>>> print(open('model_5.txt').read())   # compact mmCIF, C-alpha atoms
# COMPACT_ATOMS: atom_id res chain seq x y z
CA MET O 826 115.04 124.65 104.70
CA THR O 827 115.88 128.11 103.37
CA GLN O 828 117.37 127.10 100.01
CA PRO O 829 115.15 127.13 96.92
CA ILE O 830 113.38 124.05 95.64
CA THR O 831 114.37 123.15 92.08
CA ALA O 832 112.05 121.52 89.56
CA GLY O 833 113.49 120.00 86.38
CA LEU O 834 111.34 120.73 83.34
CA ASP O 835 111.29 118.81 80.04
CA GLY O 836 107.80 119.62 78.77
CA SER O 837 106.27 116.23 79.60
CA PRO O 838 103.06 115.93 81.66
CA GLU O 839 105.18 114.28 84.36
CA SER O 840 107.53 117.25 84.64
CA LEU O 841 104.59 119.68 84.76
CA ALA O 842 103.13 117.65 87.65
CA ALA O 843 106.54 117.88 89.32
CA VAL O 844 106.51 121.66 88.92
CA ASP O 845 103.05 121.84 90.51
CA TRP O 846 104.18 119.71 93.47
CA ALA O 847 107.37 121.75 93.86
CA ALA O 848 105.45 125.04 93.79
CA GLU O 849 103.06 123.82 96.48
CA GLU O 850 106.01 122.64 98.57
CA ALA O 851 107.79 125.99 98.13
CA LEU O 852 104.63 127.76 99.30
CA ARG O 853 104.39 125.53 102.39
CA ARG O 854 108.03 126.02 103.32
CA GLY O 855 108.23 129.70 102.41
CA VAL O 856 111.17 129.24 100.03
CA PRO O 857 111.77 130.27 96.40
CA LEU O 858 111.18 127.96 93.44
CA ARG O 859 113.62 127.44 90.58
CA LEU O 860 112.52 126.06 87.22
CA VAL O 861 115.35 124.70 85.10
CA HIS O 862 115.63 123.17 81.65
CA ALA O 863 118.83 121.60 80.32
CA TRP O 864 118.77 121.87 76.54
CA MET O 865 122.07 120.28 75.50
CA LEU O 866 122.19 116.60 74.55
CA PRO O 867 124.97 114.02 74.70
CA PRO O 868 126.93 113.83 71.42
CA GLN O 869 125.51 110.43 70.44
CA THR O 870 121.94 111.80 70.77
CA ALA O 871 122.52 115.34 69.49
CA ARG O 872 123.53 114.10 66.03
CA THR O 873 119.97 112.95 65.25
CA ALA O 874 118.05 115.60 67.21
CA GLN O 875 116.90 119.13 66.40
CA ALA O 876 119.48 121.81 65.76
CA PRO O 877 120.96 123.22 68.99
CA GLU O 878 119.47 126.69 68.44
CA ALA O 879 115.99 125.23 67.96
CA ARG O 880 116.32 123.22 71.18
CA ARG O 881 117.52 126.27 73.07
CA LEU O 882 114.63 128.47 71.83
CA TRP O 883 112.08 125.75 72.61
CA GLY O 884 113.51 125.38 76.11
CA GLN O 885 113.25 129.10 76.79
CA GLU O 886 109.65 129.19 75.58
CA LEU O 887 108.85 126.24 77.82
CA LEU O 888 110.37 127.96 80.85
CA ASP O 889 108.55 131.25 80.12
CA TRP O 890 105.19 129.52 79.70
CA THR O 891 105.61 127.41 82.84
CA GLU O 892 106.75 130.38 84.90
CA LYS O 893 103.56 132.25 83.97
CA GLN O 894 101.42 129.26 84.97
CA VAL O 895 103.15 129.03 88.33
CA ARG O 896 102.87 132.77 89.02
CA ASP O 897 99.15 132.68 88.19
CA ARG O 898 98.49 129.68 90.45
CA TYR O 899 100.95 130.51 93.25
CA PRO O 900 101.28 134.31 93.41
CA LYS O 901 103.01 134.14 96.80
CA VAL O 902 105.83 131.92 95.54
CA GLU O 903 109.02 133.60 94.34
CA VAL O 904 109.86 132.00 90.98
CA ALA O 905 113.08 132.09 88.95
CA THR O 906 113.97 130.23 85.76
CA GLU O 907 117.23 129.20 84.16
CA LEU O 908 118.04 127.72 80.79
CA LEU O 909 121.06 125.50 81.28
CA ALA O 910 123.60 124.91 78.50
CA ARG O 911 124.45 121.48 79.89
CA THR O 912 123.27 117.93 79.45
CA PRO O 913 120.40 116.88 81.74
CA VAL O 914 122.38 114.59 84.05
CA GLU O 915 125.20 117.01 84.83
CA ALA O 916 122.79 119.97 85.06
CA LEU O 917 120.33 118.28 87.43
CA VAL O 918 123.00 116.81 89.68
CA ALA O 919 124.61 120.25 89.95
CA GLU O 920 121.24 121.87 90.74
CA ASN O 921 120.58 119.28 93.42
CA ALA O 922 123.96 120.01 95.01
CA ALA O 923 123.33 123.76 94.95
CA THR O 924 119.73 123.89 96.20
CA GLY O 925 119.34 120.71 98.25
CA LEU O 926 115.96 119.50 96.97
CA LEU O 927 115.28 118.51 93.38
CA VAL O 928 111.84 117.56 92.03
CA LEU O 929 111.46 115.57 88.80
CA GLY O 930 108.61 113.93 86.93
CA ALA O 931 108.06 110.17 86.72
CA HIS O 932 105.41 107.91 85.25
CA GLY O 933 103.13 105.97 87.58
CA ARG O 934 102.71 102.22 87.61
CA GLY O 935 104.92 100.03 85.53
CA ALA O 936 107.29 102.51 83.94
CA VAL O 937 109.46 105.46 84.74
CA GLY O 938 109.72 108.35 82.29
CA GLY O 939 110.27 112.06 81.85
CA PHE O 940 113.79 112.72 83.16
CA LEU O 941 113.95 109.01 83.99
CA LEU O 942 113.75 108.06 80.30
CA GLY O 943 116.65 105.73 79.61
CA SER O 944 119.48 106.14 82.08
CA VAL O 945 119.22 109.90 82.70
CA GLY O 946 116.97 109.98 85.74
CA LEU O 947 118.47 106.84 87.19
CA ARG O 948 121.91 108.45 87.01
CA VAL O 949 120.58 111.66 88.59
CA LEU O 950 119.16 109.68 91.50
CA THR O 951 122.36 107.70 91.84
CA LEU O 952 124.74 110.67 91.67
CA SER O 953 122.75 113.14 93.77
CA HIS O 954 123.85 113.73 97.36
CA HIS O 955 120.63 115.49 98.41
CA PRO O 956 116.97 114.45 98.30
CA VAL O 957 115.22 113.97 94.96
CA VAL O 958 111.41 113.81 94.85
CA MET O 959 109.79 111.97 91.95
CA VAL O 960 106.22 112.94 90.99
CA HIS O 961 104.08 111.14 88.42
CA LYS O 962 101.56 112.96 86.25
CA ASP O 963 98.49 111.70 88.13
CA ALA O 964 99.74 112.65 91.60
CA ALA O 965 97.30 115.09 93.21
CA VAL O 966 98.86 118.01 95.03
CA GLN O 967 97.84 117.73 98.67
CA THR O 968 96.56 121.11 99.81
CA GLU O 969 94.69 120.02 102.95
CA PRO O 970 96.53 119.07 106.15
CA ASP O 971 94.66 115.81 106.74
CA LYS O 972 95.15 114.16 103.34
CA GLY O 973 97.70 111.51 104.19
CA ASP O 974 100.73 111.26 106.46
CA ILE O 975 104.36 111.31 105.40
CA LEU O 976 105.45 107.67 105.21
CA VAL O 977 109.08 106.84 105.98
CA GLY O 978 110.75 103.47 105.84
CA ILE O 979 112.91 102.83 108.90
CA GLN O 980 116.27 101.15 108.30
CA ASP O 981 119.04 100.26 110.70
CA PRO O 982 121.57 103.02 111.49
CA PRO O 983 123.20 104.82 109.81
CA GLY O 984 120.53 104.58 107.13
CA SER O 985 117.67 105.92 109.26
CA ALA O 986 118.61 109.39 110.46
CA VAL O 987 118.68 111.49 107.27
CA PRO O 988 115.46 110.11 105.74
CA ILE O 989 113.66 110.37 109.09
CA GLU O 990 114.65 114.02 109.51
CA PHE O 991 113.48 114.75 105.95
CA ALA O 992 110.13 113.08 106.69
CA PHE O 993 109.59 115.05 109.91
CA ALA O 994 110.49 118.35 108.24
CA ALA O 995 108.08 117.56 105.40
CA ALA O 996 105.31 116.61 107.85
CA LYS O 997 105.77 119.88 109.72
CA ALA O 998 105.52 121.83 106.47
CA HIS O 999 102.46 119.85 105.37
CA GLY O 1000 100.71 120.10 108.72
CA THR O 1001 100.35 116.34 108.93
CA GLY O 1002 101.92 113.40 110.76
CA VAL O 1003 104.70 110.90 110.20
CA ARG O 1004 104.02 107.20 109.78
CA ALA O 1005 107.25 105.34 110.51
CA VAL O 1006 107.17 101.80 109.15
CA ARG O 1007 109.73 99.06 109.65
CA ALA O 1008 109.57 95.78 107.76
CA CYS O 1009 110.74 92.58 109.38
CA ALA O 1010 111.30 89.30 107.63
CA PRO O 1011 108.39 86.85 107.58
CA PRO O 1012 108.84 83.80 109.81
CA PRO O 1013 110.31 80.67 108.20
CA VAL O 1014 107.98 77.94 107.09
CA PHE O 1015 109.13 74.39 107.82
CA PRO O 1016 107.47 71.74 105.64
CA HIS O 1017 107.67 69.15 108.45
CA LYS O 1018 106.04 71.36 111.10
CA PRO O 1019 102.81 73.39 110.95
CA ARG O 1020 103.55 77.12 111.01
CA ALA O 1021 101.49 77.64 114.14
CA GLU O 1022 103.61 75.22 116.18
CA GLY O 1023 106.59 76.62 118.03
CA LEU O 1024 106.81 79.91 116.10
CA THR O 1025 104.31 82.16 117.85
CA GLU O 1026 106.52 83.14 120.78
CA GLU O 1027 109.63 83.54 118.63
CA THR O 1028 107.73 85.65 116.11
CA SER O 1029 106.28 87.85 118.84
CA GLN O 1030 109.71 88.42 120.37
CA GLY O 1031 111.14 89.28 116.97
CA GLU O 1032 108.44 91.84 116.30
CA ALA O 1033 108.96 93.37 119.75
CA ALA O 1034 112.67 93.73 119.05
CA GLU O 1035 111.94 95.37 115.67
CA MET O 1036 109.51 97.79 117.31
CA GLU O 1037 112.15 98.67 119.89
CA ARG O 1038 114.59 99.52 117.08
CA LEU O 1039 111.95 101.60 115.33
CA VAL O 1040 111.05 103.57 118.48
CA GLU O 1041 114.73 104.21 119.17
CA ALA O 1042 115.33 105.42 115.62
CA VAL O 1043 112.43 107.89 115.77
CA ALA O 1044 112.95 109.14 119.35
CA LEU O 1045 115.33 112.02 118.52
CA TRP O 1046 113.02 113.41 115.84
CA ARG O 1047 109.95 113.12 118.08
CA GLU O 1048 111.80 115.40 120.49
CA LYS O 1049 112.98 117.80 117.78
CA TYR O 1050 109.51 118.05 116.17
CA PRO O 1051 107.13 117.85 119.16
CA GLY O 1052 104.17 119.14 117.16
CA VAL O 1053 104.32 116.37 114.57
CA PRO O 1054 102.13 113.32 115.37
CA VAL O 1055 103.91 109.98 114.92
CA THR O 1056 102.56 106.53 114.20
CA GLU O 1057 104.97 103.60 114.49
CA GLU O 1058 104.29 100.31 112.73
CA VAL O 1059 106.18 97.04 112.34
CA GLU O 1060 104.92 94.89 109.46
CA ARG O 1061 105.88 91.37 108.47
CA GLY O 1062 107.09 91.10 104.89
CA HIS O 1063 109.74 92.33 102.50
CA ALA O 1064 110.48 96.05 102.71
CA ALA O 1065 109.33 96.92 99.19
CA GLU O 1066 106.00 95.11 99.63
CA VAL O 1067 105.37 96.60 103.06
CA LEU O 1068 106.07 100.17 101.96
CA LEU O 1069 104.07 99.85 98.76
CA ALA O 1070 101.05 98.66 100.72
CA ALA O 1071 101.43 101.53 103.22
CA ALA O 1072 101.96 104.10 100.44
CA SER O 1073 98.31 103.88 99.39
CA ARG O 1074 97.43 106.01 102.45
CA ALA O 1075 100.36 108.46 102.25
CA SER O 1076 100.84 111.86 100.66
CA LEU O 1077 104.60 111.30 100.31
CA VAL O 1078 106.88 108.28 100.75
CA VAL O 1079 110.44 108.80 101.99
CA VAL O 1080 113.06 106.12 101.44
CA GLY O 1081 116.80 106.24 102.03
CA ARG O 1082 119.66 105.02 99.88
CA PRO O 1083 123.42 104.88 100.51
CA ALA O 1084 125.19 107.87 98.97
CA HIS O 1085 128.18 105.71 98.02
CA ARG O 1086 127.73 102.49 96.07
CA PRO O 1087 130.17 100.27 94.16
CA VAL O 1088 130.87 101.55 90.67
CA VAL O 1089 129.00 98.83 88.78
CA GLY O 1090 126.39 101.02 87.10
CA PRO O 1091 123.55 103.20 88.40
CA ARG O 1092 121.84 101.72 91.45
CA ILE O 1093 119.31 103.13 93.87
CA GLY O 1094 118.27 99.94 95.65
CA HIS O 1095 115.38 97.57 95.01
CA VAL O 1096 113.07 99.23 97.55
CA ALA O 1097 113.41 102.68 95.96
CA HIS O 1098 113.04 101.10 92.52
CA ALA O 1099 109.79 99.40 93.50
CA LEU O 1100 108.34 102.59 94.98
CA LEU O 1101 109.32 104.70 91.97
CA HIS O 1102 107.64 102.24 89.63
CA HIS O 1103 104.48 101.46 91.59
CA ALA O 1104 103.67 103.98 94.37
CA ASP O 1105 100.67 106.21 93.72
CA CYS O 1106 102.07 109.17 95.64
CA PRO O 1107 105.33 111.16 95.20
CA VAL O 1108 108.50 109.42 96.36
CA ALA O 1109 111.46 111.15 98.02
CA VAL O 1110 114.77 109.32 97.65
CA VAL O 1111 117.11 110.59 100.37
CA PRO O 1112 120.84 109.74 100.27
CA TYR O 1113 122.74 109.06 103.48
CA GLU O 1114 126.43 108.55 104.17
>>> encode(input="model_5.txt", output="structure tokens")
Amino acid sequence: MTQPITAGLDGSPESLAAVDWAAEEALRRGVPLRLVHAWMLPPQTARTAQAPEARRLWGQELLDWTEKQVRDRYPKVEVATELLARTPVEALVAENAATGLLVLGAHGRGAVGGFLLGSVGLRVLTLSHHPVVMVHKDAAVQTEPDKGDILVGIQDPPGSAVPIEFAFAAAKAHGTGVRAVRACAPPPVFPHKPRAEGLTEETSQGEAAEMERLVEAVALWREKYPGVPVTEEVERGHAAEVLLAAASRASLVVVGRPAHRPVVGPRIGHVAHALLHHADCPVAVVPYE
């Protein structure tokens, strides 16, 4: 990655945590960091908010203060700021398209906030065609190479390739490994037959087939990133539950979502939703075609 990393800033503790994560990531990857604030509001909100000039001045002060904090903490990172005369959704989607990686703040367990307040962040995640990383305010920036692998959920093609490549590139930058996890459905339970009878062989064969799919999905990226250690795991259970359990030992979780969905409102998928609400570590949502 040679393009800058962009962090959206709204003054909340969550967005400041996102800036910190983005600055550390920019340092690891040797790329510039952009701090942006979109100060315009939709018409229905602007009528009851502060005057436009007051919002603009506050946004500039926020950017100036945050830029100084970043320069003091990360003197080797090239930092630029921009005050955007656009609404948050259109501004952040455009920034994501231009720079390729957008970092936003999110609350931890049970709620999503910052740029995800209301429908704004959900729409950004839905409309973006490049990765978006969500960071909650309590997420610790990982500065040591052995503090958790990059966890990636393995889907069936074509959903696997783009998230897997993102995970391997992140692991290389972090100096850590990739933990590739694939969830497979739990075996059926028949009320007239004990679970242990007649299911063991079938279950074992099913898990072997899932592991084969996982190994095949990861093979190309093992070859492309030979220095990145890889752990492959198949776990019984629903994907959201499996990844949430695995996320407790990860420094970053990577999950894919289809770039094109039916126009029935903002959707990012139930697995991404669960991780954004409940994972303790940052979550990267990576669109794929």
>>> atom_distance(input="model_5.txt", atom1="atom CA of Leu927 of chain O", atom2="atom CA of Arg896 of chain O")
19.4 Å
>>> atom_distance(input="model_5.txt", atom1="atom CA of Pro988 of chain O", atom2="atom CA of Arg1038 of chain O")
15.5 Å
>>> residues_around(input="model_5.txt", residues="Leu860 of chain O", least_positions_apart="5", cutoff="6 Å", atoms="only C-alpha atoms", output="number ranges by chain")
O: 831-832, 906
>>> closest_residue(input="model_5.txt", among="O:Val918, O:Leu887, O:Met865, O:Val960", to="His1102 of chain O", atoms="all atoms listed in the file")
O:Val960
>>> residues_around(input="model_5.txt", residues="Ala992 of chain O", least_positions_apart="4", cutoff="12 Å", atoms="only C-alpha atoms", output="PyMOL selection string")
chain O and resi 956+958+974-979+985-988+996-1006+1043+1046-1047+1050+1053-1055+1075-1081+1108-1111
>>> closest_residue(input="model_5.txt", among="O:Ala1097, O:Leu908, O:Val949, O:Leu926", to="Thr827 of chain O", atoms="only C-alpha atoms")
O:Leu926
>>> atom_distance(input="model_5.txt", atom1="atom CA of Glu850 of chain O", atom2="atom CA of Ala923 of chain O")
17.7 Å
>>> residues_around(input="model_5.txt", residues="Leu852 of chain O", least_positions_apart="6", cutoff="8 Å", atoms="only C-alpha atoms", output="ChimeraX atom specification")
/O:899,901-902
>>> closest_residue(input="model_5.txt", among="O:Pro867, O:Pro900, O:Pro1083, O:Gly855", to="Val945 of chain O", atoms="all atoms listed in the file")
O:Pro867
>>> closest_residue(input="model_5.txt", among="O:Glu903, O:Pro1112, O:Asp835, O:Glu849", to="Arg881 of chain O", atoms="all atoms listed in the file")
O:Asp835
>>> closest_residue(input="model_5.txt", among="O:Pro982, O:Gly973, O:Pro1107, O:Pro913", to="Leu947 of chain O", atoms="all atoms listed in the file")
O:Pro913
>>> residues_around(input="model_5.txt", residues="Ala922 of chain O", least_positions_apart="5", cutoff="12 Å", atoms="all atoms listed in the file", output="ChimeraX atom specification")
/O:828-831,915-917,927,949-950,952-957,1112
>>> axis_aligned_box(input="model_5.txt", around="segment 988-995 of chain O", padding_each_side="8 Å", output="AutoDock Vina command-line options")
--center_x 111.8 --center_y 114.2 --center_z 107.7 --size_x 23.4 --size_y 24.2 --size_z 20.5
>>> closest_residue(input="model_5.txt", among="O:Ile989, O:Val1059, O:Val928, O:Ala919", to="Leu858 of chain O", atoms="only C-alpha atoms")
O:Val928
